[in-house]
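Asks: This one is query_30.cif, mmCIF, C-alpha atoms and all ligand atoms.
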data_coords
#
loop_
_atom_site.label_atom_id
_atom_site.label_comp_id
_atom_site.auth_asym_id
_atom_site.auth_seq_id
_atom_site.Cartn_x
_atom_site.Cartn_y
_atom_site.Cartn_z
CA MET Q 1 114.73 97.60 127.90
CA THR Q 2 115.23 100.47 125.47
CA THR Q 3 112.68 101.10 122.74
CA PRO Q 4 114.05 99.94 119.37
CA VAL Q 5 114.45 102.63 116.74
CA LEU Q 6 112.18 100.63 114.42
CA ARG Q 7 109.59 98.02 115.30
CA LEU Q 8 107.47 96.05 112.86
CA THR Q 9 104.46 94.41 114.47
CA ASP Q 10 102.40 91.75 112.74
CA LEU Q 11 102.71 93.38 109.31
CA VAL Q 12 100.40 92.01 106.64
CA ARG Q 13 100.43 93.21 103.03
CA THR Q 14 97.86 91.92 100.58
CA PHE Q 15 97.82 93.10 96.99
CA PRO Q 16 94.38 93.24 95.37
CA GLY Q 17 93.77 91.68 91.97
CA GLY Q 18 90.37 89.98 91.74
CA ASN Q 19 90.74 86.26 92.32
CA LYS Q 20 94.52 86.68 92.13
CA ARG Q 21 94.60 88.60 95.43
CA ARG Q 22 97.88 87.79 97.05
CA THR Q 23 99.11 88.11 100.64
CA VAL Q 24 102.84 88.68 100.37
CA LEU Q 25 103.58 89.43 104.04
CA LYS Q 26 101.69 87.27 106.52
CA GLY Q 27 102.51 88.77 109.89
CA VAL Q 28 106.04 90.13 110.06
CA THR Q 29 107.29 91.13 113.49
CA CYS Q 30 110.82 92.38 114.10
CA ASP Q 31 112.81 94.98 116.08
CA PHE Q 32 115.71 96.96 114.65
CA GLU Q 33 118.33 98.67 116.82
CA GLU Q 34 120.60 101.62 116.16
CA GLY Q 35 124.26 100.94 115.43
CA ARG Q 36 123.59 97.69 113.60
CA VAL Q 37 123.56 96.46 110.01
CA TYR Q 38 120.73 94.07 109.07
CA SER Q 39 120.41 92.08 105.87
CA VAL Q 40 117.03 90.89 104.67
CA VAL Q 41 117.46 87.87 102.40
CA GLY Q 42 114.98 85.52 100.75
CA PRO Q 43 113.91 84.05 97.44
CA SER Q 44 112.95 86.28 94.53
CA GLY Q 45 109.34 87.41 94.92
CA SER Q 46 109.25 86.65 98.66
CA GLY Q 47 108.37 90.26 99.47
CA LYS Q 48 111.69 91.88 100.46
CA THR Q 49 111.10 95.09 98.54
CA THR Q 50 107.50 95.16 99.78
CA LEU Q 51 108.78 94.91 103.35
CA LEU Q 52 111.31 97.70 102.75
CA ALA Q 53 108.56 99.91 101.30
CA LEU Q 54 106.42 99.43 104.41
CA ALA Q 55 109.29 99.94 106.85
CA GLY Q 56 110.41 103.03 104.91
CA GLY Q 57 106.96 104.63 104.86
CA LEU Q 58 106.57 104.36 101.10
CA ASP Q 59 103.56 102.08 101.39
CA ALA Q 60 101.00 101.34 104.13
CA PRO Q 61 100.36 97.83 105.47
CA THR Q 62 97.03 96.05 105.07
CA SER Q 63 97.24 95.50 108.83
CA GLY Q 64 99.89 95.70 111.52
CA THR Q 65 102.11 98.62 112.51
CA VAL Q 66 105.47 100.18 111.82
CA SER Q 67 106.71 102.15 114.86
CA PHE Q 68 109.57 104.62 114.96
CA ARG Q 69 110.93 105.16 118.49
CA GLY Q 70 107.70 103.78 119.90
CA ARG Q 71 105.36 105.89 117.73
CA ASP Q 72 103.16 104.42 114.99
CA VAL Q 73 104.33 105.97 111.71
CA ALA Q 74 100.68 106.25 110.58
CA GLU Q 75 100.31 108.72 113.46
CA ILE Q 76 103.57 110.57 112.62
CA GLY Q 77 102.34 110.70 108.99
CA LEU Q 78 104.15 108.76 106.26
CA GLY Q 79 105.40 111.96 104.59
CA ALA Q 80 106.89 113.38 107.79
CA TYR Q 81 108.37 109.98 108.68
CA ARG Q 82 110.06 109.73 105.26
CA ASN Q 83 111.29 113.31 105.31
CA LYS Q 84 112.74 113.42 108.80
CA HIS Q 85 113.58 110.02 110.15
CA VAL Q 86 114.41 107.46 107.45
CA ALA Q 87 115.81 107.31 103.95
CA THR Q 88 115.97 104.72 101.21
CA VAL Q 89 118.67 104.11 98.61
CA PHE Q 90 116.86 102.52 95.67
CA GLN Q 91 118.24 100.01 93.19
CA GLN Q 92 118.06 102.65 90.46
CA LEU Q 93 119.94 105.33 92.32
CA ASN Q 94 117.88 108.11 90.73
CA LEU Q 95 120.72 110.61 90.83
CA LEU Q 96 119.96 113.67 88.72
CA GLY Q 97 122.19 113.50 85.66
CA TYR Q 98 122.46 117.24 85.06
CA LEU Q 99 123.65 118.03 88.60
CA THR Q 100 127.07 117.41 90.16
CA ALA Q 101 127.47 115.11 93.16
CA VAL Q 102 127.39 118.10 95.55
CA GLN Q 103 124.33 119.57 93.82
CA ASN Q 104 122.49 116.23 93.98
CA ILE Q 105 122.81 116.39 97.76
CA THR Q 106 121.97 120.08 98.21
CA ALA Q 107 118.93 119.62 95.92
CA ALA Q 108 117.70 116.75 98.13
CA MET Q 109 118.07 119.00 101.19
CA GLU Q 110 116.12 121.73 99.48
CA ILE Q 111 113.31 119.36 98.48
CA THR Q 112 113.01 117.88 101.98
CA GLY Q 113 113.16 121.33 103.58
CA VAL Q 114 116.45 121.06 105.51
CA ARG Q 115 116.96 124.42 107.23
CA GLY Q 116 119.29 126.01 109.74
CA VAL Q 117 122.50 124.57 108.26
CA SER Q 118 124.64 125.51 105.30
CA ARG Q 119 123.48 122.95 102.72
CA ARG Q 120 126.76 123.13 100.81
CA LYS Q 121 128.80 122.64 103.97
CA ARG Q 122 126.68 119.65 105.00
CA ALA Q 123 126.93 118.17 101.46
CA HIS Q 124 130.73 118.40 101.61
CA GLU Q 125 130.78 116.82 105.09
CA LEU Q 126 128.70 113.91 103.79
CA LEU Q 127 130.90 113.45 100.74
CA ASP Q 128 133.95 113.50 103.05
CA LEU Q 129 132.30 110.80 105.14
CA LEU Q 130 131.59 108.71 102.04
CA GLY Q 131 135.09 109.19 100.62
CA ILE Q 132 134.30 111.14 97.43
CA ASP Q 133 137.24 113.44 96.73
CA ASP Q 134 137.18 117.08 95.75
CA THR Q 135 137.44 116.50 92.01
CA ASP Q 136 134.85 113.73 91.86
CA ARG Q 137 132.29 115.61 93.88
CA ARG Q 138 132.19 118.33 91.20
CA ARG Q 139 131.43 115.72 88.51
CA ARG Q 140 128.06 114.67 87.20
CA PRO Q 141 126.98 111.06 87.91
CA ALA Q 142 127.76 109.82 84.36
CA ARG Q 143 131.43 110.65 84.96
CA LEU Q 144 131.60 108.65 88.21
CA SER Q 145 132.10 104.90 88.60
CA GLY Q 146 129.25 102.64 89.79
CA GLY Q 147 130.73 102.50 93.29
CA GLN Q 148 131.14 106.27 93.42
CA GLN Q 149 127.55 106.76 92.25
CA GLN Q 150 126.40 104.41 95.00
CA ARG Q 151 128.37 106.47 97.56
CA VAL Q 152 126.80 109.71 96.32
CA ALA Q 153 123.33 108.13 96.54
CA ILE Q 154 124.07 107.07 100.13
CA ALA Q 155 125.36 110.57 100.97
CA ARG Q 156 122.18 112.03 99.50
CA ALA Q 157 120.05 109.64 101.56
CA LEU Q 158 121.83 110.89 104.68
CA ALA Q 159 121.26 114.55 103.76
CA CYS Q 160 118.53 114.84 106.39
CA ASP Q 161 120.49 113.26 109.21
CA VAL Q 162 118.14 110.29 109.37
CA ASP Q 163 118.38 107.53 111.96
CA VAL Q 164 117.46 104.61 109.72
CA LEU Q 165 118.88 103.92 106.29
CA PHE Q 166 117.29 101.37 103.96
CA ALA Q 167 119.02 100.07 100.84
CA ASP Q 168 117.55 97.83 98.14
CA GLU Q 169 120.21 95.63 96.48
CA PRO Q 170 122.98 98.24 96.90
CA THR Q 171 125.70 95.99 95.50
CA GLY Q 172 123.67 94.38 92.71
CA SER Q 173 125.52 96.10 89.89
CA LEU Q 174 128.98 96.28 91.49
CA ASP Q 175 132.03 94.03 91.20
CA GLN Q 176 133.16 92.20 94.30
CA ASP Q 177 135.86 94.68 95.39
CA THR Q 178 133.60 97.70 94.95
CA ALA Q 179 130.81 95.83 96.74
CA ALA Q 180 133.21 95.23 99.65
CA GLU Q 181 133.93 98.98 99.84
CA ILE Q 182 130.22 99.82 99.89
CA ILE Q 183 129.56 97.22 102.57
CA GLU Q 184 132.33 98.86 104.62
CA VAL Q 185 130.56 102.22 104.20
CA PHE Q 186 127.35 100.75 105.64
CA ARG Q 187 129.23 99.13 108.54
CA ARG Q 188 130.93 102.44 109.33
CA LEU Q 189 127.62 104.32 109.24
CA ALA Q 190 126.16 101.84 111.72
CA HIS Q 191 129.13 101.25 114.01
CA GLU Q 192 130.64 104.76 114.04
CA GLU Q 193 127.68 107.02 113.26
CA GLY Q 194 125.05 104.98 115.13
CA LYS Q 195 122.69 104.52 112.17
CA CYS Q 196 120.38 101.55 111.84
CA VAL Q 197 121.06 100.12 108.37
CA VAL Q 198 118.65 97.67 106.74
CA ILE Q 199 119.74 96.13 103.44
CA VAL Q 200 117.69 93.96 101.11
CA THR Q 201 120.09 91.71 99.28
CA HIS Q 202 120.71 88.52 97.33
CA SER Q 203 124.42 88.82 98.04
CA PRO Q 204 126.03 86.31 100.43
CA GLN Q 205 128.92 88.82 100.69
CA VAL Q 206 126.59 91.50 102.11
CA ALA Q 207 124.79 89.03 104.37
CA ALA Q 208 128.09 87.77 105.80
CA ALA Q 209 129.20 91.32 106.63
CA SER Q 210 125.95 92.20 108.43
CA ASP Q 211 125.43 92.08 112.17
CA GLU Q 212 122.22 90.17 111.68
CA VAL Q 213 120.64 88.26 108.80
CA LEU Q 214 116.84 88.10 108.56
CA HIS Q 215 115.23 85.58 106.30
CA LEU Q 216 111.95 86.28 104.53
CA LYS Q 217 110.16 83.17 103.40
CA ARG Q 218 106.49 82.33 102.85
CA GLY Q 219 105.47 85.72 104.23
CA LYS Q 220 107.33 85.43 107.54
CA LEU Q 221 110.58 86.96 108.70
CA THR Q 222 112.87 84.87 110.85
CA ARG Q 223 116.27 85.48 112.43
CA ARG Q 224 118.86 83.00 111.31
N1 LIG Q 301 102.05 97.01 93.75
C1 LIG Q 301 101.91 95.70 93.61
N2 LIG Q 301 100.76 95.18 93.13
C2 LIG Q 301 100.60 93.83 93.03
N3 LIG Q 301 101.53 92.93 93.35
C3 LIG Q 301 102.70 93.39 93.84
C4 LIG Q 301 102.96 94.79 93.99
N4 LIG Q 301 104.21 94.95 94.51
C5 LIG Q 301 104.71 93.69 94.65
N5 LIG Q 301 103.81 92.77 94.27
C6 LIG Q 301 103.99 91.31 94.29
O1 LIG Q 301 104.48 90.96 95.55
C7 LIG Q 301 105.42 89.89 95.47
C8 LIG Q 301 106.70 90.28 96.17
O2 LIG Q 301 107.38 91.28 95.43
P1 LIG Q 301 108.72 91.97 95.95
O3 LIG Q 301 109.20 92.87 94.89
O4 LIG Q 301 108.47 92.57 97.29
O5 LIG Q 301 109.68 90.70 96.10
P2 LIG Q 301 111.26 90.62 96.32
O6 LIG Q 301 111.50 89.61 97.37
O7 LIG Q 301 111.80 92.01 96.57
O8 LIG Q 301 111.74 90.09 94.90
P3 LIG Q 301 113.17 90.25 94.17
O9 LIG Q 301 114.17 89.56 95.05
O10 LIG Q 301 112.96 89.52 92.88
O11 LIG Q 301 113.44 91.72 93.98
C9 LIG Q 301 105.59 89.61 93.97
O12 LIG Q 301 104.78 88.50 93.63
C10 LIG Q 301 105.07 90.86 93.32
O13 LIG Q 301 104.53 90.59 92.06
#
For this file, write the structure as structure tokens.
Ligand SMILES: Nc1ncnc2c1ncn2[C@@H]1O[C@H](COP(=O)(O)OP(=O)(O)OP(=O)(O)O)[C@@H](O)[C@H]1O

Replies:
Amino acid sequence: MTTPVLRLTDLVRTFPGGNKRRTVLKGVTCDFEEGRVYSVVGPSGSGKTTLLALAGGLDAPTSGTVSFRGRDVAEIGLGAYRNKHVATVFQQLNLLGYLTAVQNITAAMEITGVRGVSRRKRAHELLDLLGIDDTDRRRRPARLSGGQQQRVAIARALACDVDVLFADEPTGSLDQDTAAEIIEVFRRLAHEEGKCVVIVTHSPQVAAASDEVLHLKRGKLTRR
């Protein structure tokens, strides 16, 4: 048995709030493999974003562990885990409006301390991979379509050559055809580049295109 790239073990997350204390995740256990696309689905408020935040090292669990290649991320350090091994594409893409697509990616590399490669060269390779052409990659986000902005945000997330890519509602604001293109990007990243892709979604279209659908309900995650 190979060690999964990501393992969640008995994750519990309770939010404080006096007598309104609320346990959102009640013992979530799940393995994630490289080269696969996972969708996490579930009712609004069921804790999908909370789960993504824990798995992505943006938040720490109340109890339980997140392990990356067999190592507890608390031991790796959440900052190092986020900088080197995983990346998240947020619902609000947070692209910098005053920078071009290429500059958004090189800036991310600078911030996360990517060294030993030409940042510009790597940015162009990523934009090639994501299908943003030469003209568009010199544009600022406001002059790109929603789908193109999503592609740039994914390219930026991959700037550090991470193994696991998380995405929160990546098709939420896209029409069906553009959503299909973005789904294809995620499938290619998993099946051709070997990434583990974990998507939180309400979209049946995304769920249907995933290799595995995980259902979060009443604080537990189950495979369908
Ligand atoms: N920092 C926080 N403090 C207190 N409560 C929180 C916090 N973050 C999330 N919650 C609560 O946890 C529950 C789950 O929220 P979460 O955003 O993870 O759900 P979700 O499944 O992603 O919802 P949606 O599908 O609507 O985006 C909600 O009741 C929310 O109010």

Asks: Give one line per residue of stretch 4-53 of chain Q that approaches stretch 191-199 of chain Q to at most 12 Å, naming the two atoms of the closest pair and their distance in Å to one decimal, counting only C-alpha atoms; sort by chain then ascending residue number and deliver it as a tab-separated table.

Replies:
residue	atom	partner	partner_atom	distance
Q:Pro4	CA	Q:Cys196	CA	10.0
Q:Val5	CA	Q:Cys196	CA	7.8
Q:Leu6	CA	Q:Cys196	CA	8.6
Q:Arg7	CA	Q:Cys196	CA	11.9
Q:Cys30	CA	Q:Val198	CA	12.0
Q:Asp31	CA	Q:Cys196	CA	10.9
Q:Phe32	CA	Q:Cys196	CA	7.1
Q:Glu33	CA	Q:Cys196	CA	6.1
Q:Glu34	CA	Q:Cys196	CA	4.3
Q:Gly35	CA	Q:Gly194	CA	4.1
Q:Arg36	CA	Q:Cys196	CA	5.3
Q:Val37	CA	Q:Val197	CA	4.7
Q:Tyr38	CA	Q:Val198	CA	4.8
Q:Ser39	CA	Q:Ile199	CA	4.8
Q:Val40	CA	Q:Ile199	CA	6.0
Q:Val41	CA	Q:Ile199	CA	8.6
Q:Gly42	CA	Q:Ile199	CA	11.9
Q:Lys48	CA	Q:Ile199	CA	9.6
Q:Thr49	CA	Q:Ile199	CA	10.0
Q:Leu51	CA	Q:Val198	CA	10.8
Q:Leu52	CA	Q:Val198	CA	8.4
Q:Ala53	CA	Q:Val198	CA	11.7

Asks: At a cut-off of 9 Å and counting all atoms listed in the file, what residues surround ligand LIG 301 (chain Q)? Please answer as a ChimeraX atom specification.

Replies: /Q:13-17,21-25,41-53,168-169,200-202,216-217

Asks: Compare Q:Leu11, Q:Gln176, Q:Pro141, Q:Thr3 by their minimum atom-to-atom distance to Q:Lys220, counting all atoms listed in the file, and give me the closest one.

Replies: Q:Leu11

Asks: Residues near Q:Gly64, anyone? I mean within 7 Å using only C-alpha atoms, not counting same-chain ones fewer than 3 positions away, as a PyMOL selection string.

Replies: chain Q and resi 9-12+61

Asks: Atoms to include: C-alpha atoms. Write the selected residues as a compact mmCIF listing (two decimals), keeping the file's coordinate frame.

Replies:
# COMPACT_ATOMS: atom_id res chain seq x y z
CA THR Q 9 104.46 94.41 114.47
CA ASP Q 10 102.40 91.75 112.74
CA LEU Q 11 102.71 93.38 109.31
CA VAL Q 12 100.40 92.01 106.64
CA PRO Q 61 100.36 97.83 105.47

Asks: Mind listing as a tab-separated table (two decimals) with C-alpha atoms, in the frame of the given file all residues within 12 Å of (132.9, 109.5, 97.9), counting all atoms listed in the file?

Replies:
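part_21.tsv, freshly written:
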chain	number	residue	atom	x	y	z
Q	101	ALA	CA	127.47	115.11	93.16
Q	102	VAL	CA	127.39	118.10	95.55
Q	123	ALA	CA	126.93	118.17	101.46
Q	124	HIS	CA	130.73	118.40	101.61
Q	125	GLU	CA	130.78	116.82	105.09
Q	126	LEU	CA	128.70	113.91	103.79
Q	127	LEU	CA	130.90	113.45	100.74
Q	128	ASP	CA	133.95	113.50	103.05
Q	129	LEU	CA	132.30	110.80	105.14
Q	130	LEU	CA	131.59	108.71	102.04
Q	131	GLY	CA	135.09	109.19	100.62
Q	132	ILE	CA	134.30	111.14	97.43
Q	133	ASP	CA	137.24	113.44	96.73
Q	134	ASP	CA	137.18	117.08	95.75
Q	135	THR	CA	137.44	116.50	92.01
Q	136	ASP	CA	134.85	113.73	91.86
Q	137	ARG	CA	132.29	115.61	93.88
Q	138	ARG	CA	132.19	118.33	91.20
Q	139	ARG	CA	131.43	115.72	88.51
Q	141	PRO	CA	126.98	111.06	87.91
Q	144	LEU	CA	131.60	108.65	88.21
Q	145	SER	CA	132.10	104.90	88.60
Q	146	GLY	CA	129.25	102.64	89.79
Q	147	GLY	CA	130.73	102.50	93.29
Q	148	GLN	CA	131.14	106.27	93.42
Q	149	GLN	CA	127.55	106.76	92.25
Q	150	GLN	CA	126.40	104.41	95.00
Q	151	ARG	CA	128.37	106.47	97.56
Q	152	VAL	CA	126.80	109.71	96.32
Q	153	ALA	CA	123.33	108.13	96.54
Q	154	ILE	CA	124.07	107.07	100.13
Q	155	ALA	CA	125.36	110.57	100.97
Q	156	ARG	CA	122.18	112.03	99.50
Q	181	GLU	CA	133.93	98.98	99.84
Q	182	ILE	CA	130.22	99.82	99.89
Q	185	VAL	CA	130.56	102.22	104.20

Asks: I'd like the interatomic distance between atom CA of Q:Val89 and atom CA of Q:Ala157, to a tenth of an Å.

Replies: 6.4 Å

Asks: Can you tell me, as AutoDock Vina command-line options, the centre and edge lengths (Å, one decimal) of the axis-aligned box enclosing all of stretch 77-84 of chain Q's listed atoms after padding each side by 8 Å?

Replies:
--center_x 107.5 --center_y 111.1 --center_z 106.8 --size_x 26.4 --size_y 20.7 --size_z 20.4

Asks: Return the single residue from Q:Ala159, Q:Thr29, Q:Ala179, Q:Gly77 that is closest to Q:Glu110, with distances computed using all atoms listed in the file.

Replies: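 Distance minimum relative to Q:Glu110 lands on Q:Ala159.
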
Asks: What separation in Å, quoted to one decimal, exists between atom CA of Q:Leu95 and atom CA of Q:Ala190?

Replies: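 Atom CA of Q:Ala190 lies at a distance of 23.3 Å from atom CA of Q:Leu95.
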
Asks: Write a file for stretch 171-198 of chain Q, containing N, CA and C atoms (output as a compact mmCIF listing (two decimals), in the first residue's frame).

Replies:
# COMPACT_ATOMS: atom_id res chain seq x y z
N THR Q 171 -16.43 26.92 -10.42
CA THR Q 171 -17.28 27.20 -11.59
C THR Q 171 -18.51 28.01 -11.22
N GLY Q 172 -18.56 28.46 -9.95
CA GLY Q 172 -19.75 29.14 -9.44
C GLY Q 172 -20.24 30.30 -10.28
N SER Q 173 -19.29 31.06 -10.86
CA SER Q 173 -19.71 32.26 -11.59
C SER Q 173 -19.56 32.08 -13.10
N LEU Q 174 -19.43 30.84 -13.55
CA LEU Q 174 -19.18 30.62 -14.99
C LEU Q 174 -20.39 29.99 -15.67
N ASP Q 175 -20.56 30.28 -16.99
CA ASP Q 175 -21.63 29.61 -17.72
C ASP Q 175 -21.22 28.15 -17.95
N GLN Q 176 -22.18 27.37 -18.44
CA GLN Q 176 -21.97 25.93 -18.51
C GLN Q 176 -20.79 25.51 -19.42
N ASP Q 177 -20.64 26.20 -20.56
CA ASP Q 177 -19.56 25.84 -21.48
C ASP Q 177 -18.20 26.18 -20.88
N THR Q 178 -18.12 27.37 -20.27
CA THR Q 178 -16.85 27.77 -19.66
C THR Q 178 -16.54 26.86 -18.48
N ALA Q 179 -17.59 26.50 -17.72
CA ALA Q 179 -17.40 25.58 -16.59
C ALA Q 179 -16.82 24.26 -17.11
N ALA Q 180 -17.34 23.78 -18.25
CA ALA Q 180 -16.86 22.51 -18.81
C ALA Q 180 -15.36 22.62 -19.16
N GLU Q 181 -14.95 23.77 -19.67
CA GLU Q 181 -13.53 23.96 -20.01
C GLU Q 181 -12.66 23.93 -18.75
N ILE Q 182 -13.16 24.57 -17.70
CA ILE Q 182 -12.37 24.61 -16.45
C ILE Q 182 -12.29 23.21 -15.83
N ILE Q 183 -13.39 22.49 -15.89
CA ILE Q 183 -13.39 21.11 -15.37
C ILE Q 183 -12.33 20.30 -16.13
N GLU Q 184 -12.27 20.51 -17.44
CA GLU Q 184 -11.30 19.79 -18.27
C GLU Q 184 -9.87 20.13 -17.84
N VAL Q 185 -9.66 21.39 -17.47
CA VAL Q 185 -8.33 21.81 -16.98
C VAL Q 185 -7.97 21.00 -15.73
N PHE Q 186 -8.92 20.89 -14.80
CA PHE Q 186 -8.64 20.15 -13.56
C PHE Q 186 -8.37 18.67 -13.86
N ARG Q 187 -9.14 18.11 -14.78
CA ARG Q 187 -8.96 16.68 -15.12
C ARG Q 187 -7.57 16.47 -15.74
N ARG Q 188 -7.16 17.41 -16.59
CA ARG Q 188 -5.85 17.30 -17.23
C ARG Q 188 -4.73 17.41 -16.17
N LEU Q 189 -4.89 18.35 -15.24
CA LEU Q 189 -3.87 18.52 -14.20
C LEU Q 189 -3.73 17.24 -13.37
N ALA Q 190 -4.85 16.56 -13.13
CA ALA Q 190 -4.79 15.32 -12.36
C ALA Q 190 -4.26 14.18 -13.22
N HIS Q 191 -4.87 13.98 -14.38
CA HIS Q 191 -4.59 12.76 -15.15
C HIS Q 191 -3.29 12.84 -15.94
N GLU Q 192 -2.87 14.05 -16.32
CA GLU Q 192 -1.62 14.17 -17.11
C GLU Q 192 -0.46 14.71 -16.29
N GLU Q 193 -0.76 15.54 -15.30
CA GLU Q 193 0.33 16.13 -14.50
C GLU Q 193 0.46 15.46 -13.12
N GLY Q 194 -0.46 14.54 -12.82
CA GLY Q 194 -0.35 13.78 -11.57
C GLY Q 194 -0.75 14.53 -10.31
N LYS Q 195 -1.44 15.67 -10.46
CA LYS Q 195 -1.85 16.42 -9.26
C LYS Q 195 -3.03 15.72 -8.58
N CYS Q 196 -3.16 15.97 -7.29
CA CYS Q 196 -4.38 15.58 -6.58
C CYS Q 196 -5.23 16.85 -6.54
N VAL Q 197 -6.44 16.78 -7.08
CA VAL Q 197 -7.30 17.97 -7.17
C VAL Q 197 -8.54 17.75 -6.31
N VAL Q 198 -8.79 18.66 -5.39
CA VAL Q 198 -9.95 18.54 -4.50
C VAL Q 198 -10.83 19.78 -4.67
